[in-house]
Amino acid sequence: MEPDTAHAANQIHPNRISSFPEALQALKAYALPPSLSADSLRASHDLLARTLDAVNTADVTTLHAQRSHLHPAQNLLAYISTLHASLSAVHSASPLVPQLLNEFVALVRNTPATAVPHALIRWIGVCRHAARVVIDTSDVHRALALIRPLRLAADKLATSPQSIVPIHADFLAVCLQAKCYKYAARWLRQRKRLHIDPATGLQASDVHLVYHYAAMVYMGLKDFSAALHCCRLALAVPAPTQTPLLQVAVCTFKYYILLHLLVTGKAPQPFKFSSYQFSRLRSFSSEYTELATAYERMDRCQTVQLFESNRDTFEKHGNLGLVKQVMRTLTDALIERLTNSFVTMNIANVASRVGQSNEEHVHQVLLRMIEQGKINARIDDRKRVVRLIDAQRDVDERLFAQVSGALMQQSLQVLQRIDEFREKLQTDPAYVGKTMGGRAPRRGASSHAFGSSAGGASASKRQDGEMMRVIGGG
């Protein structure tokens, strides 16, 4: 993106500066205007374009020595131009890498957001080169230290909290390098509807990269549904013609095929919005499309044969682990299909029908599927038999158990209330006097004394009858 823009700018401005000291002096002397305007932005971009070649010709050591006398906020154009040239030329194994990354962090922290549009192309380029250096070093600690500066750099470039900018692709790539999947996923979930603003230098390839890396983040979290959605959004962007970007689109399409099998169990159909793009990308993914076709037919023999014959290809593409999960779900799908035909089966018979020779492995698969709720079954370990249960029948039995349990609980509560009411009646003086024919109980007499007298039987009958009348009436 940047070389094309700079080349066009150099063609528009033929009077470019050829020597590095003159370019540096011009950049240092330029003062950023206090407010944004079309004229001020044009002047800043014009100066950066005229000094591009002169700055890029200087070696990394000279650039570093000159940059030590500059301040990121006061000499933004000079500082960012020299740092951009250093990061684009430095090797990932160079001892200057830590110092350059520290200078990048200082640039991001000290540059005000209002000054970023004046150096838009350099700002995006320096972030992209810093991310590239960290990814090439394969250093997790450096990647961790660069995540927040890249996010801050993207926020200073964004025009709204929901805006997506080119730096977001580099931010997600560094999160993947550091294996910070949850941090990246939290950032993605906070932006359910991303706003695309071309004023931030965003291009179609940047949008594709953002959703491509987002799919990889969700795959790292085993959230295959969200990863499939991101792949679909990435493929909605027109496929680029440049070879490196086309390779990314093909990689996204391969993810899309495998994730579609994992989530839906079916091969993906051509896009309604772009059938030509689907056919074009499909021509680069013959191994994956053949595997998806065999998987959809539930042909385990052919699927296993395709997996073994293309195993090296899958491993070369870095998709071997994802393909293995697809093969695992094929076994689950075959076992789940048996529930429509059989009620009781021997585990050895189940293993033979799903094409597995290891009965213990099938036993573990059955246990996992029962725990996950994929099938309703019970395993008799003594007889080595699995009893498949009809889902609707099992639901009816559970519903009956819940309803009967609730009714039993209500009945116990009613009985408890009756016992409590009976105890209160037996100690109520008015009730006791009424059941004894209007005679009040003797002082000091026990509440149980009237049950032991000669007329106790008739009094008890009158008491029970009166209690039932009170309960029935009240």
# chains A, B, ... in the order shown; residues from 1 in each chain; ligands from 1

$ residues_around --residues "Thr313 of chain A" --least-positions-apart "6" --cutoff "9 Å" --atoms "only C-alpha atoms" --output "ChimeraX atom specification"
/A:287,319-320

$ write_last_selection --atoms "N, CA, C and O atoms" --output "short mmCIF file (atom, residue, chain, number, x, y, z; two decimals), in the first residue's frame"
data_model
loop_
_atom_site.label_atom_id
_atom_site.label_comp_id
_atom_site.auth_asym_id
_atom_site.auth_seq_id
_atom_site.Cartn_x
_atom_site.Cartn_y
_atom_site.Cartn_z
N GLU A 287 -7.71 -30.33 -2.48
CA GLU A 287 -7.62 -31.34 -1.42
C GLU A 287 -8.72 -31.16 -0.39
O GLU A 287 -9.30 -32.14 0.11
N ASN A 319 -2.72 -26.87 8.77
CA ASN A 319 -4.12 -27.19 9.07
C ASN A 319 -4.32 -28.63 9.50
O ASN A 319 -5.47 -29.10 9.55
N LEU A 320 -3.25 -29.33 9.84
CA LEU A 320 -3.37 -30.74 10.19
C LEU A 320 -4.22 -30.93 11.45
O LEU A 320 -5.06 -31.84 11.52
#

$ closest_atom_pairs --of "segment 223-337 of chain A" --to "segment 181-198 of chain A" --cutoff "12 Å" --atoms "only C-alpha atoms" --output "tab-separated table"
residue	atom	partner	partner_atom	distance
A:Asp223	CA	A:Ala185	CA	10.1
A:Ala226	CA	A:Ala185	CA	10.0
A:Ala227	CA	A:Ala185	CA	10.6
A:His229	CA	A:Lys192	CA	11.9
A:Cys230	CA	A:Leu188	CA	10.5
A:Leu233	CA	A:Leu194	CA	11.5

$ atom_distance --atom1 "atom CA of Thr252 of chain A" --atom2 "atom CA of Ile121 of chain A"
26.9 Å

$ residues_around --residues "Ala158 of chain A" --least-positions-apart "3" --cutoff "12 Å" --atoms "only C-alpha atoms" --output "number ranges by chain"
A: 113-114, 116-117, 120, 124, 151-155, 161-168, 194-202

$ write_last_selection --atoms "N, CA and C atoms" --output "compact mmCIF listing (two decimals), in the first residue's frame"
# COMPACT_ATOMS: atom_id res chain seq x y z
N ALA A 113 -3.14 12.44 19.01
CA ALA A 113 -4.01 11.88 17.97
C ALA A 113 -4.27 12.87 16.85
N THR A 114 -4.27 14.16 17.17
CA THR A 114 -4.54 15.17 16.14
C THR A 114 -3.41 15.28 15.12
N VAL A 116 -1.63 12.62 13.98
CA VAL A 116 -1.48 11.38 13.20
C VAL A 116 -1.88 11.55 11.74
N PRO A 117 -2.99 12.24 11.41
CA PRO A 117 -3.35 12.36 9.98
C PRO A 117 -2.28 13.03 9.13
N LEU A 120 -0.06 10.05 7.97
CA LEU A 120 -0.92 8.88 7.91
C LEU A 120 -0.20 7.66 7.35
N ILE A 124 0.97 4.24 9.57
CA ILE A 124 0.56 2.86 9.29
C ILE A 124 1.78 2.00 8.98
N ARG A 151 -2.42 -1.32 19.82
CA ARG A 151 -3.83 -0.96 20.03
C ARG A 151 -3.97 0.55 20.23
N LEU A 152 -3.04 1.15 20.96
CA LEU A 152 -3.08 2.61 21.16
C LEU A 152 -2.86 3.32 19.84
N ALA A 153 -1.95 2.82 19.01
CA ALA A 153 -1.70 3.43 17.70
C ALA A 153 -2.94 3.35 16.82
N ALA A 154 -3.66 2.24 16.88
CA ALA A 154 -4.89 2.10 16.09
C ALA A 154 -5.98 3.03 16.61
N ASP A 155 -6.07 3.17 17.94
CA ASP A 155 -7.09 4.07 18.51
C ASP A 155 -6.84 5.52 18.12
N PRO A 161 -14.98 4.87 17.98
CA PRO A 161 -14.65 3.64 18.73
C PRO A 161 -14.91 2.36 17.94
N GLN A 162 -15.82 2.40 16.98
CA GLN A 162 -16.15 1.21 16.20
C GLN A 162 -15.40 1.14 14.87
N SER A 163 -14.51 2.09 14.62
CA SER A 163 -13.81 2.13 13.33
C SER A 163 -12.78 1.01 13.25
N ILE A 164 -12.60 0.49 12.06
CA ILE A 164 -11.57 -0.49 11.78
C ILE A 164 -10.51 0.19 10.90
N VAL A 165 -9.25 0.07 11.30
CA VAL A 165 -8.14 0.73 10.61
C VAL A 165 -7.13 -0.33 10.22
N PRO A 166 -6.20 -0.02 9.31
CA PRO A 166 -5.22 -1.03 8.87
C PRO A 166 -4.37 -1.59 10.00
N ILE A 167 -4.12 -0.81 11.04
CA ILE A 167 -3.26 -1.28 12.14
C ILE A 167 -3.93 -2.39 12.92
N HIS A 168 -5.24 -2.49 12.88
CA HIS A 168 -5.94 -3.55 13.62
C HIS A 168 -5.53 -4.93 13.12
N LEU A 194 -18.41 -3.19 12.95
CA LEU A 194 -17.24 -2.38 12.66
C LEU A 194 -17.55 -1.33 11.59
N HIS A 195 -17.02 -0.14 11.82
CA HIS A 195 -17.24 0.97 10.90
C HIS A 195 -16.01 1.12 10.01
N ILE A 196 -16.23 1.16 8.70
CA ILE A 196 -15.15 1.26 7.73
C ILE A 196 -15.06 2.70 7.24
N ASP A 197 -13.91 3.32 7.46
CA ASP A 197 -13.70 4.72 7.07
C ASP A 197 -12.49 4.78 6.15
N PRO A 198 -12.67 5.04 4.86
CA PRO A 198 -11.52 5.12 3.95
C PRO A 198 -10.55 6.24 4.30
N ALA A 199 -10.98 7.22 5.10
CA ALA A 199 -10.08 8.32 5.46
C ALA A 199 -8.91 7.86 6.30
N THR A 200 -9.02 6.67 6.90
CA THR A 200 -7.93 6.13 7.71
C THR A 200 -6.93 5.33 6.89
N GLY A 201 -7.04 5.38 5.57
CA GLY A 201 -6.12 4.62 4.72
C GLY A 201 -6.51 3.16 4.58
N LEU A 202 -7.74 2.82 4.95
CA LEU A 202 -8.17 1.42 4.92
C LEU A 202 -8.44 0.98 3.48

$ select_by_dssp --residues "segment 353-411 of chain A" --states "strand (DSSP E)" --output "VMD selection string"
chain A and resid 377 to 380 385 to 388

$ write_last_selection --atoms "N, CA, C and O atoms" --output "CSV table (one decimal), in the first residue's frame"
chain,number,residue,atom,x,y,z
A,377,ALA,N,-27.9,-42.3,25.6
A,377,ALA,CA,-27.5,-43.7,25.6
A,377,ALA,C,-27.0,-44.0,27.0
A,377,ALA,O,-26.7,-43.2,27.8
A,378,ARG,N,-27.1,-45.3,27.3
A,378,ARG,CA,-26.5,-45.9,28.5
A,378,ARG,C,-25.6,-47.1,28.2
A,378,ARG,O,-26.0,-47.9,27.3
A,379,ILE,N,-24.5,-47.2,28.9
A,379,ILE,CA,-23.5,-48.2,28.5
A,379,ILE,C,-23.4,-49.2,29.7
A,379,ILE,O,-23.3,-48.8,30.9
A,380,ASP,N,-23.6,-50.5,29.3
A,380,ASP,CA,-23.4,-51.6,30.3
A,380,ASP,C,-22.0,-52.1,30.1
A,380,ASP,O,-21.7,-52.8,29.2
A,385,VAL,N,-22.3,-53.4,26.2
A,385,VAL,CA,-23.5,-53.1,25.3
A,385,VAL,C,-23.8,-51.7,25.6
A,385,VAL,O,-23.8,-51.2,26.7
A,386,VAL,N,-24.2,-51.0,24.5
A,386,VAL,CA,-24.7,-49.6,24.6
A,386,VAL,C,-26.2,-49.6,24.2
A,386,VAL,O,-26.6,-50.2,23.2
A,387,ARG,N,-27.0,-49.0,25.0
A,387,ARG,CA,-28.4,-48.9,24.8
A,387,ARG,C,-28.7,-47.5,24.4
A,387,ARG,O,-28.6,-46.6,25.2
A,388,LEU,N,-29.1,-47.3,23.1
A,388,LEU,CA,-29.5,-46.0,22.6
A,388,LEU,C,-30.9,-45.7,22.9
A,388,LEU,O,-31.8,-46.6,22.8

$ closest_residue --among "A:Ser94, A:Ser44, A:Asn75, A:Gln247" --to "Leu107 of chain A" --atoms "only C-alpha atoms"
A:Asn75

$ closest_residue --among "A:Ala143, A:Ala29, A:Ala406, A:Val55" --to "Ala130 of chain A" --atoms "only C-alpha atoms"
A:Ala143

$ decode --residues "segment 227-256 of chain A" --atoms "N, CA and C atoms" --output "mmCIF file, in the first residue's frame"
data_model
loop_
_atom_site.group_PDB
_atom_site.id
_atom_site.type_symbol
_atom_site.label_atom_id
_atom_site.label_comp_id
_atom_site.auth_asym_id
_atom_site.auth_seq_id
_atom_site.Cartn_x
_atom_site.Cartn_y
_atom_site.Cartn_z
ATOM 1 N N ALA A 227 -15.602 -18.346 14.463
ATOM 2 C CA ALA A 227 -14.543 -18.377 13.453
ATOM 3 C C ALA A 227 -15.126 -18.528 12.049
ATOM 4 N N LEU A 228 -16.167 -19.363 11.915
ATOM 5 C CA LEU A 228 -16.818 -19.522 10.618
ATOM 6 C C LEU A 228 -17.457 -18.221 10.155
ATOM 7 N N HIS A 229 -18.066 -17.490 11.083
ATOM 8 C CA HIS A 229 -18.680 -16.205 10.739
ATOM 9 C C HIS A 229 -17.623 -15.211 10.254
ATOM 10 N N CYS A 230 -16.465 -15.175 10.911
ATOM 11 C CA CYS A 230 -15.395 -14.263 10.484
ATOM 12 C C CYS A 230 -14.843 -14.652 9.121
ATOM 13 N N CYS A 231 -14.721 -15.952 8.859
ATOM 14 C CA CYS A 231 -14.260 -16.387 7.541
ATOM 15 C C CYS A 231 -15.247 -15.971 6.456
ATOM 16 N N ARG A 232 -16.526 -16.075 6.748
ATOM 17 C CA ARG A 232 -17.537 -15.671 5.765
ATOM 18 C C ARG A 232 -17.446 -14.174 5.484
ATOM 19 N N LEU A 233 -17.209 -13.372 6.522
ATOM 20 C CA LEU A 233 -17.057 -11.933 6.328
ATOM 21 C C LEU A 233 -15.781 -11.611 5.546
ATOM 22 N N ALA A 234 -14.710 -12.340 5.819
ATOM 23 C CA ALA A 234 -13.453 -12.102 5.093
ATOM 24 C C ALA A 234 -13.606 -12.447 3.617
ATOM 25 N N LEU A 235 -14.311 -13.527 3.319
ATOM 26 C CA LEU A 235 -14.483 -13.939 1.932
ATOM 27 C C LEU A 235 -15.497 -13.078 1.197
ATOM 28 N N ALA A 236 -16.270 -12.285 1.940
ATOM 29 C CA ALA A 236 -17.184 -11.354 1.278
ATOM 30 C C ALA A 236 -16.426 -10.206 0.618
ATOM 31 N N VAL A 237 -15.183 -9.988 1.044
ATOM 32 C CA VAL A 237 -14.339 -8.963 0.418
ATOM 33 C C VAL A 237 -13.811 -9.518 -0.897
ATOM 34 N N PRO A 238 -13.833 -8.764 -1.964
ATOM 35 C CA PRO A 238 -13.313 -9.264 -3.247
ATOM 36 C C PRO A 238 -11.884 -9.760 -3.120
ATOM 37 N N ALA A 239 -11.612 -10.917 -3.706
ATOM 38 C CA ALA A 239 -10.282 -11.514 -3.615
ATOM 39 C C ALA A 239 -9.269 -10.663 -4.365
ATOM 40 N N PRO A 240 -8.135 -10.352 -3.765
ATOM 41 C CA PRO A 240 -7.132 -9.521 -4.438
ATOM 42 C C PRO A 240 -6.429 -10.285 -5.551
ATOM 43 N N THR A 241 -5.790 -9.551 -6.399
ATOM 44 C CA THR A 241 -5.052 -10.158 -7.515
ATOM 45 C C THR A 241 -3.571 -10.341 -7.207
ATOM 46 N N GLN A 242 -3.040 -9.577 -6.218
ATOM 47 C CA GLN A 242 -1.627 -9.715 -5.875
ATOM 48 C C GLN A 242 -1.389 -11.084 -5.251
ATOM 49 N N THR A 243 -0.232 -11.666 -5.546
ATOM 50 C CA THR A 243 0.045 -13.032 -5.110
ATOM 51 C C THR A 243 0.046 -13.189 -3.587
ATOM 52 N N PRO A 244 0.745 -12.348 -2.791
ATOM 53 C CA PRO A 244 0.730 -12.552 -1.331
ATOM 54 C C PRO A 244 -0.668 -12.439 -0.732
ATOM 55 N N LEU A 245 -1.441 -11.447 -1.184
ATOM 56 C CA LEU A 245 -2.778 -11.282 -0.636
ATOM 57 C C LEU A 245 -3.720 -12.378 -1.129
ATOM 58 N N LEU A 246 -3.514 -12.861 -2.331
ATOM 59 C CA LEU A 246 -4.324 -13.967 -2.843
ATOM 60 C C LEU A 246 -4.059 -15.237 -2.034
ATOM 61 N N GLN A 247 -2.826 -15.428 -1.610
ATOM 62 C CA GLN A 247 -2.519 -16.584 -0.773
ATOM 63 C C GLN A 247 -3.249 -16.521 0.563
ATOM 64 N N VAL A 248 -3.381 -15.327 1.112
ATOM 65 C CA VAL A 248 -4.141 -15.175 2.355
ATOM 66 C C VAL A 248 -5.606 -15.512 2.125
ATOM 67 N N ALA A 249 -6.171 -15.068 0.998
ATOM 68 C CA ALA A 249 -7.567 -15.377 0.688
ATOM 69 C C ALA A 249 -7.779 -16.876 0.516
ATOM 70 N N VAL A 250 -6.834 -17.551 -0.131
ATOM 71 C CA VAL A 250 -6.932 -19.007 -0.295
ATOM 72 C C VAL A 250 -6.852 -19.696 1.062
ATOM 73 N N CYS A 251 -5.977 -19.220 1.934
ATOM 74 C CA CYS A 251 -5.868 -19.781 3.288
ATOM 75 C C CYS A 251 -7.170 -19.599 4.051
ATOM 76 N N THR A 252 -7.795 -18.430 3.915
ATOM 77 C CA THR A 252 -9.087 -18.195 4.561
ATOM 78 C C THR A 252 -10.144 -19.149 4.028
ATOM 79 N N PHE A 253 -10.128 -19.391 2.732
ATOM 80 C CA PHE A 253 -11.114 -20.299 2.137
ATOM 81 C C PHE A 253 -10.923 -21.728 2.644
ATOM 82 N N LYS A 254 -9.688 -22.145 2.850
ATOM 83 C CA LYS A 254 -9.437 -23.484 3.402
ATOM 84 C C LYS A 254 -9.957 -23.576 4.835
ATOM 85 N N TYR A 255 -9.736 -22.532 5.618
ATOM 86 C CA TYR A 255 -10.329 -22.491 6.957
ATOM 87 C C TYR A 255 -11.851 -22.596 6.876
ATOM 88 N N TYR A 256 -12.418 -21.881 5.908
ATOM 89 C CA TYR A 256 -13.874 -21.835 5.770
ATOM 90 C C TYR A 256 -14.444 -23.227 5.492
#
